[in-house]
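Text of run_12.txt (compact mmCIF, C-alpha atoms) as supplied:
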# COMPACT_ATOMS: atom_id res chain seq x y z
CA MET A 296 0.00 0.00 0.00
CA ASN A 297 1.53 3.33 -1.07
CA TYR A 298 -0.80 5.66 0.82
CA ARG A 299 0.79 7.50 3.76
CA HIS A 300 -1.57 9.68 5.74
CA ALA A 301 1.32 11.74 7.15
CA TYR A 302 1.33 13.70 3.89
CA HIS A 303 -2.29 14.77 4.49
CA ALA A 304 -2.51 14.98 8.29
CA GLY A 305 -4.51 17.96 9.49
CA ASN A 306 -5.81 18.97 6.07
CA PHE A 307 -9.36 20.23 5.54
CA ALA A 308 -10.64 16.68 4.98
CA ASP A 309 -9.14 15.55 8.28
CA VAL A 310 -10.76 18.52 10.00
CA LEU A 311 -14.19 17.60 8.66
CA LYS A 312 -13.76 13.91 9.51
CA HIS A 313 -12.59 14.60 13.04
CA VAL A 314 -15.20 17.25 13.85
CA VAL A 315 -17.87 14.71 12.88
CA LEU A 316 -16.14 11.86 14.73
CA VAL A 317 -15.82 13.74 18.01
CA ALA A 318 -19.36 15.13 17.81
CA ALA A 319 -20.80 11.66 17.18
CA LEU A 320 -18.83 10.10 20.04
CA ASP A 321 -19.85 12.88 22.42
CA ARG A 322 -23.50 12.21 21.70
CA LEU A 323 -23.18 8.42 21.88
CA THR A 324 -21.36 8.57 25.21
CA GLN A 325 -24.21 10.50 26.80
CA LYS A 326 -25.88 7.14 27.35
CA PRO A 327 -24.41 5.15 30.26
CA ALA A 328 -24.02 1.82 28.43
CA PRO A 329 -20.45 1.04 27.24
CA LEU A 330 -19.49 1.71 23.64
CA LEU A 331 -17.09 0.17 21.13
CA TYR A 332 -15.21 2.41 18.73
CA LEU A 333 -14.02 0.44 15.69
CA ASP A 334 -11.63 2.09 13.24
CA THR A 335 -11.09 0.02 10.08
CA HIS A 336 -8.13 2.02 8.71
CA ALA A 337 -6.68 3.62 11.81
CA GLY A 338 -3.27 4.94 10.73
CA ARG A 339 -1.30 6.47 13.58
CA ALA A 340 -2.33 8.21 16.78
CA ARG A 341 0.01 11.14 16.25
CA TYR A 342 1.53 12.91 13.23
CA PRO A 343 4.46 15.21 14.10
CA ILE A 344 4.18 18.49 12.24
CA ALA A 345 7.94 18.63 11.77
CA ALA A 346 8.00 15.26 9.94
CA ILE A 347 9.38 15.37 6.42
CA GLU A 348 6.16 14.01 4.91
CA THR A 349 3.92 16.51 6.69
CA GLN A 350 6.14 19.47 5.82
CA ARG A 351 6.58 18.36 2.21
CA ALA A 352 2.86 18.48 1.47
CA GLY A 353 2.04 21.18 4.00
CA GLU A 354 -1.67 20.44 3.76
CA TYR A 355 -2.22 21.17 7.45
CA ARG A 356 -1.55 24.85 6.71
CA HIS A 357 -4.84 25.00 4.78
CA GLY A 358 -6.67 22.91 7.39
CA ILE A 359 -6.11 22.84 11.13
CA ALA A 360 -3.68 25.79 11.07
CA ARG A 361 -6.49 28.09 9.87
CA LEU A 362 -8.66 27.21 12.84
CA LEU A 363 -6.48 26.80 15.93
CA GLU A 364 -6.66 30.42 17.06
CA ALA A 365 -10.37 30.84 16.37
CA ALA A 366 -12.37 32.17 19.30
CA ASP A 367 -15.80 32.04 17.64
CA ALA A 368 -16.00 28.38 16.60
CA PRO A 369 -19.44 26.72 16.91
CA PRO A 370 -19.73 24.08 19.67
CA PRO A 371 -18.73 20.89 17.77
CA VAL A 372 -15.74 22.63 16.19
CA ALA A 373 -14.72 24.22 19.50
CA ARG A 374 -14.82 20.81 21.17
CA TYR A 375 -12.63 19.30 18.42
CA LEU A 376 -10.17 22.19 18.61
CA ALA A 377 -9.90 21.81 22.39
CA LEU A 378 -8.87 18.17 21.91
CA VAL A 379 -6.35 19.06 19.20
CA ARG A 380 -4.80 21.66 21.49
CA ALA A 381 -4.67 19.24 24.41
CA LEU A 382 -3.11 16.47 22.33
CA GLY A 383 -0.88 18.35 19.93
CA VAL A 384 -0.05 21.90 21.07
CA GLU A 385 3.06 22.62 23.15
CA ASP A 386 4.32 26.07 24.14
CA GLY A 387 1.60 27.62 22.03
CA LYS A 388 2.62 25.84 18.82
CA LEU A 389 1.13 22.87 16.99
CA LYS A 390 3.73 20.12 17.39
CA ALA A 391 1.61 17.15 16.28
CA TYR A 392 -1.75 16.50 14.72
CA PRO A 393 -3.74 13.79 16.53
CA GLY A 394 -5.09 10.99 14.34
CA SER A 395 -8.51 9.41 14.66
CA PRO A 396 -7.36 6.87 17.34
CA ALA A 397 -6.09 9.59 19.67
CA LEU A 398 -9.14 11.84 19.22
CA ALA A 399 -11.55 8.93 19.70
CA LEU A 400 -9.81 7.74 22.87
CA ALA A 401 -9.93 11.28 24.24
CA ALA A 402 -13.70 11.31 23.71
CA LEU A 403 -14.36 7.80 25.05
CA ARG A 404 -14.95 7.00 28.71
CA ALA A 405 -13.12 4.64 31.06
CA GLY A 406 -15.56 1.78 30.40
CA ASP A 407 -15.51 2.09 26.61
CA ARG A 408 -12.99 0.42 24.31
CA ALA A 409 -11.39 0.93 20.92
CA ALA A 410 -10.54 -1.68 18.27
CA LEU A 411 -8.06 -0.11 15.84
CA CYS A 412 -7.29 -1.91 12.58
CA GLU A 413 -4.25 -1.10 10.45
CA LEU A 414 -2.99 -3.42 7.71
CA GLU A 415 0.34 -1.75 6.89
CA PRO A 416 2.94 -3.31 9.27
CA GLY A 417 4.95 -0.16 9.91
CA GLU A 418 1.89 1.94 10.66
CA ALA A 419 0.43 -0.80 12.88
CA ALA A 420 3.70 -1.06 14.83
CA ALA A 421 3.81 2.71 15.32
CA LEU A 422 0.21 2.76 16.50
CA ARG A 423 0.83 -0.09 18.92
CA SER A 424 3.85 1.73 20.34
CA GLU A 425 1.97 5.02 20.70
CA LEU A 426 -0.87 3.34 22.60
CA LYS A 427 1.07 0.77 24.63
CA ARG A 428 -0.06 2.38 27.90
CA GLU A 429 -3.72 2.69 26.81
CA PRO A 430 -5.69 -0.26 28.28
CA ARG A 431 -8.88 0.57 26.36
CA ALA A 432 -7.25 0.19 22.94
CA GLN A 433 -6.44 -2.97 21.01
CA VAL A 434 -4.50 -2.73 17.74
CA HIS A 435 -5.35 -5.28 15.05
CA GLU A 436 -2.88 -5.69 12.18
CA ARG A 437 -5.50 -6.84 9.72
CA ASP A 438 -7.65 -5.81 6.79
CA GLY A 439 -10.29 -3.39 8.03
CA PHE A 440 -13.05 -4.69 5.79
CA GLU A 441 -12.45 -8.23 7.03
CA ALA A 442 -12.55 -6.93 10.60
CA LEU A 443 -16.11 -5.69 10.11
CA GLY A 444 -17.29 -9.28 9.89
CA ALA A 445 -15.01 -10.54 12.63
CA LEU A 446 -15.56 -7.88 15.30
CA LEU A 447 -19.22 -7.00 14.83
CA PRO A 448 -21.66 -7.19 16.47
CA PRO A 449 -19.70 -6.43 19.65
CA PRO A 450 -20.50 -7.65 23.18
CA GLU A 451 -21.49 -4.08 24.09
CA ARG A 452 -24.21 -4.11 21.40
CA ARG A 453 -23.35 -0.44 20.82
CA ALA A 454 -20.66 0.80 18.45
CA LEU A 455 -19.44 3.65 16.30
CA VAL A 456 -17.55 2.33 13.28
CA LEU A 457 -15.28 4.64 11.29
CA ILE A 458 -14.54 3.36 7.77
CA ASP A 459 -11.87 5.46 6.09
CA PRO A 460 -10.03 3.50 3.35
CA PRO A 461 -7.24 5.03 1.23
CA TYR A 462 -9.23 4.83 -2.06
CA GLU A 463 -6.21 3.59 -3.99
CA SER A 464 -8.23 1.07 -6.00
CA PRO A 465 -10.82 2.05 -8.64
CA GLN A 466 -13.09 -0.57 -7.07
CA GLU A 467 -12.91 0.97 -3.58
CA PHE A 468 -16.30 2.69 -3.79
CA GLU A 469 -17.99 -0.51 -4.93
CA ARG A 470 -16.32 -2.57 -2.22
CA LEU A 471 -17.26 0.05 0.35
CA ALA A 472 -20.95 0.08 -0.64
CA ASP A 473 -21.08 -3.72 -0.39
CA ALA A 474 -19.41 -3.60 3.02
CA VAL A 475 -21.83 -1.03 4.41
CA VAL A 476 -24.88 -3.00 3.29
CA GLU A 477 -23.50 -6.28 4.64
CA VAL A 478 -22.38 -4.98 8.02
CA HIS A 479 -25.70 -3.19 8.48
CA ARG A 480 -27.49 -6.45 7.74
CA ARG A 481 -25.48 -8.17 10.49
CA PHE A 482 -25.51 -5.30 13.02
CA ALA A 483 -28.36 -2.96 12.13
CA THR A 484 -28.26 -0.92 15.35
CA GLY A 485 -24.62 0.13 15.01
CA SER A 486 -23.63 3.66 14.02
CA TYR A 487 -21.36 3.97 10.98
CA ALA A 488 -19.29 6.88 9.67
CA VAL A 489 -17.91 6.34 6.17
CA TRP A 490 -15.41 8.92 4.89
CA TYR A 491 -15.14 9.50 1.13
CA PRO A 492 -13.27 11.90 -1.15
CA ILE A 493 -14.99 14.27 -3.57
CA LYS A 494 -13.04 14.45 -6.83
CA ALA A 495 -13.79 15.01 -10.49
CA GLY A 496 -15.29 11.84 -11.91
CA GLY A 497 -18.21 11.39 -9.54
CA GLY A 498 -17.25 8.15 -7.79
CA ASP A 499 -18.78 9.52 -4.62
CA THR A 500 -22.05 10.27 -6.45
CA ARG A 501 -22.41 6.72 -7.73
CA PHE A 502 -21.53 5.40 -4.27
CA LEU A 503 -24.27 7.47 -2.64
CA GLN A 504 -26.80 6.54 -5.32
CA ARG A 505 -26.13 2.87 -4.72
CA LEU A 506 -26.56 3.18 -0.97
CA ALA A 507 -29.69 5.28 -1.36
CA ALA A 508 -31.24 2.35 -3.23
CA SER A 509 -29.95 -0.31 -0.80
CA GLY A 510 -32.87 -0.31 1.64
CA VAL A 511 -30.70 0.88 4.53
CA ARG A 512 -32.55 3.57 6.47
CA ARG A 513 -31.29 6.64 8.37
CA GLN A 514 -28.44 7.74 6.11
CA LEU A 515 -27.09 11.25 6.69
CA VAL A 516 -24.62 12.91 4.29
CA VAL A 517 -22.17 15.53 5.58
CA GLU A 518 -20.02 17.22 2.94
CA LEU A 519 -17.55 20.08 2.63
CA THR A 520 -15.81 21.18 -0.56
CA VAL A 521 -13.14 23.82 -1.04
CA GLU A 522 -13.22 23.78 -4.84
CA ARG A 523 -15.83 23.03 -7.48
CA ASP A 524 -16.79 19.36 -7.38
CA ASP A 525 -15.61 18.86 -10.96
CA SER A 526 -12.27 20.68 -10.65
CA PRO A 527 -9.65 18.31 -12.12
CA GLY A 528 -6.51 16.99 -10.54
CA GLY A 529 -7.02 16.84 -6.80
CA LEU A 530 -9.16 16.55 -3.74
CA ASN A 531 -11.99 19.06 -4.12
CA GLY A 532 -13.85 18.08 -1.00
CA ALA A 533 -14.74 15.32 1.41
CA GLY A 534 -17.82 13.77 2.87
CA LEU A 535 -19.05 11.35 5.47
CA LEU A 536 -21.98 9.03 5.10
CA LEU A 537 -23.46 8.44 8.55
CA VAL A 538 -25.73 5.45 9.06
CA ASN A 539 -27.76 5.58 12.28
CA PRO A 540 -26.23 8.88 13.41
CA PRO A 541 -26.90 9.96 17.01
CA TRP A 542 -30.00 12.02 17.68
CA GLN A 543 -29.75 15.69 16.62
CA LEU A 544 -26.27 15.30 15.14
CA ASP A 545 -27.65 16.49 11.80
CA ALA A 546 -28.76 19.82 13.26
CA GLU A 547 -25.55 20.29 15.22
CA LEU A 548 -23.33 19.70 12.22
CA GLY A 549 -25.59 21.63 9.86
CA ALA A 550 -25.17 24.70 12.04
CA ALA A 551 -21.37 24.33 12.16
CA LEU A 552 -20.61 23.60 8.51
CA PRO A 553 -21.03 27.16 7.13
CA TRP A 554 -18.45 28.38 9.66
CA LEU A 555 -16.02 25.65 8.58
CA GLN A 556 -16.65 26.34 4.90
CA ALA A 557 -15.95 30.06 5.30
CA ARG A 558 -12.59 29.41 6.96
CA LEU A 559 -11.39 26.41 5.00
CA ALA A 560 -12.65 27.30 1.52
CA GLY A 561 -12.68 31.07 1.69
CA PRO A 562 -15.36 33.62 0.79
CA GLY A 563 -17.63 32.53 -2.03
CA ARG A 564 -15.86 29.20 -2.54
CA GLY A 565 -16.87 25.61 -1.91
CA ARG A 566 -20.11 24.31 -0.48
CA SER A 567 -21.32 22.36 2.54
CA ARG A 568 -24.34 20.35 3.55
CA ALA A 569 -25.71 18.05 6.22
CA SER A 570 -28.74 16.41 4.66
CA TRP A 571 -30.59 13.11 4.78
CA LEU A 572 -29.86 10.76 1.93
CA VAL A 573 -32.40 8.32 3.35
CA PRO A 574 -34.57 9.35 6.32
CA GLU A 575 -36.26 7.13 8.91
Structure re-expressed in structure tokens:
Amino acid sequence: MNYRHAYHAGNFADVLKHVVLVAALDRLTQKPAPLLYLDTHAGRARYPIAAIETQRAGEYRHGIARLLEAADAPPPVARYLALVRALGVEDGKLKAYPGSPALALAALRAGDRAALCELEPGEAAALRSELKREPRAQVHERDGFEALGALLPPPERRALVLIDPPYESPQEFERLADAVVEVHRRFATGSYAVWYPIKAGGGDTRFLQRLAASGVRRQLVVELTVERDDSPGGLNGAGLLLVNPPWQLDAELGAALPWLQARLAGPGRGRSRASWLVPE
């Protein structure tokens, strides 16, 4: 696998993904019953800003760096920024960007647990080392799609599953749609957050159309773009498909997205939405 998330850590797509992740976990942990967090493509817990890969791409400068000093962020963004500061800021400077495992563990409670899947051996070893003192986390060096069948449904009977593949294969969208339908069939009460890129070519559109016709109910789409959807050559935006999202998450995110769009895309650029693909 050639994909290395260090090149993209803290970019606008990471910001969107992690704002949604933290907001969903905060709502799910309001109930007293324990919760499983399952990450199918976990990556690392920490991405040093000074790393060669992060500096070479510099994508964080157009993502998290535009938000850290904001004093007027709406509640879900403010909560996310507080965690980023706690986990990655030292002496007033961003030293590291926290990955999904670190942010999720910061939002989970003592009685919750995290199953973190990472297939690439080097990344899995780094994640295991970073979390060696974290009793709630278990690192699985395995294919994340295979883990969906092996680890669900969980003993807790409650879970938030983040599915965030690298999209290196042209068949990734098709495989992803099949996986969502199958895992929902096996564990229909779980909550699922599926990250996807928005690029020219419309793979995300076909993916959403397929899931809209799948019979799976309660599908919420959250999207943010910083360029026109059909702009060639790069990542124009990102989205998350949420199946069984927590109550009122749609309204909370819908209120926050215009603020994020204004700061990450700039005046008059991009678009954002939090809308139901399939309602109840």
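Shortest separation to Ala560 of chain A among A:Gly358, A:Gly496, A:Pro460, A:Pro449 occurs at residue A:Gly358, atoms counted being all atoms listed in the file.
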query: So how far away is atom CA of Leu506 of chain A from atom CA of Ala472 of chain A, in Å?
result: 6.4 Å
Each side padded by 3 Å, which centre and which edge lengths in Å (one decimal) define the axis-aligned box around the listed atoms of segment 453-466 of chain A? Give them as JSON.
{"center_x": -14.8, "center_y": 2.4, "center_z": 6.1, "size_x": 23.1, "size_y": 12.0, "size_z": 35.5}
Closest of A:Trp542, A:Ala399, A:Leu363, A:Gly528 to Gly387 of chain A - atom-to-atom distances counting all atoms listed in the file: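 Looking at the shortest contact to Gly387 of chain A, the residue is A:Leu363.
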- prompt: So which residues are close to (-11.3, 8.4, 8.1), meaning at most 9 Å away in the file's coordinates with all atoms listed in the file counted, and can you show them as JSON, numbers by chain?
  reply: {"A": [308, 309, 312, 313, 316, 334, 335, 336, 337, 395, 457, 458, 459, 460, 461, 488, 489, 490, 491, 535]}
- request: In Å, rounded to a single decimal, give me how far atom CA of Ala397 of chain A is from atom CA of Ala557 of chain A.
  value: 26.9 Å
- prompt: Contacts of Cys412 of chain A at 12 Å or less, counting only C-alpha atoms, minus same-chain residues fewer than 5 places along, as a PyMOL selection string?
  reply: chain A and resi 332-339+395-396+418-420+422-423+432-443+445-446+456-460
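With only C-alpha atoms taken into account, the protein and nucleic acid residues at most 12 Å from Ala508 of chain A (excluding it and anything under 3 positions from it in its own chain) are Ala472, Val476, Arg501, Phe502, Leu503, Gln504, Arg505, Val511, Arg512, Gln514, Leu572 and Val573 of chain A.
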message: Taking 5 positions as the minimum chain separation for residues in the same chain, which residues sit within 12 Å of Gln350 of chain A when counting all atoms listed in the file? Answer as JSON, numbers by chain.
response: {"A": [301, 302, 303, 304, 305, 306, 342, 343, 344, 345, 355, 356, 390, 391]}
task: May I ask which of the residues A:Thr500, A:Ser570, A:Thr484, A:Gln325 is the closest one to Gly549 of chain A, counting all atoms listed in the file?
output: A:Ser570
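One finds atom CA of Pro492 of chain A at 6.2 Å from atom CA of Gly532 of chain A.
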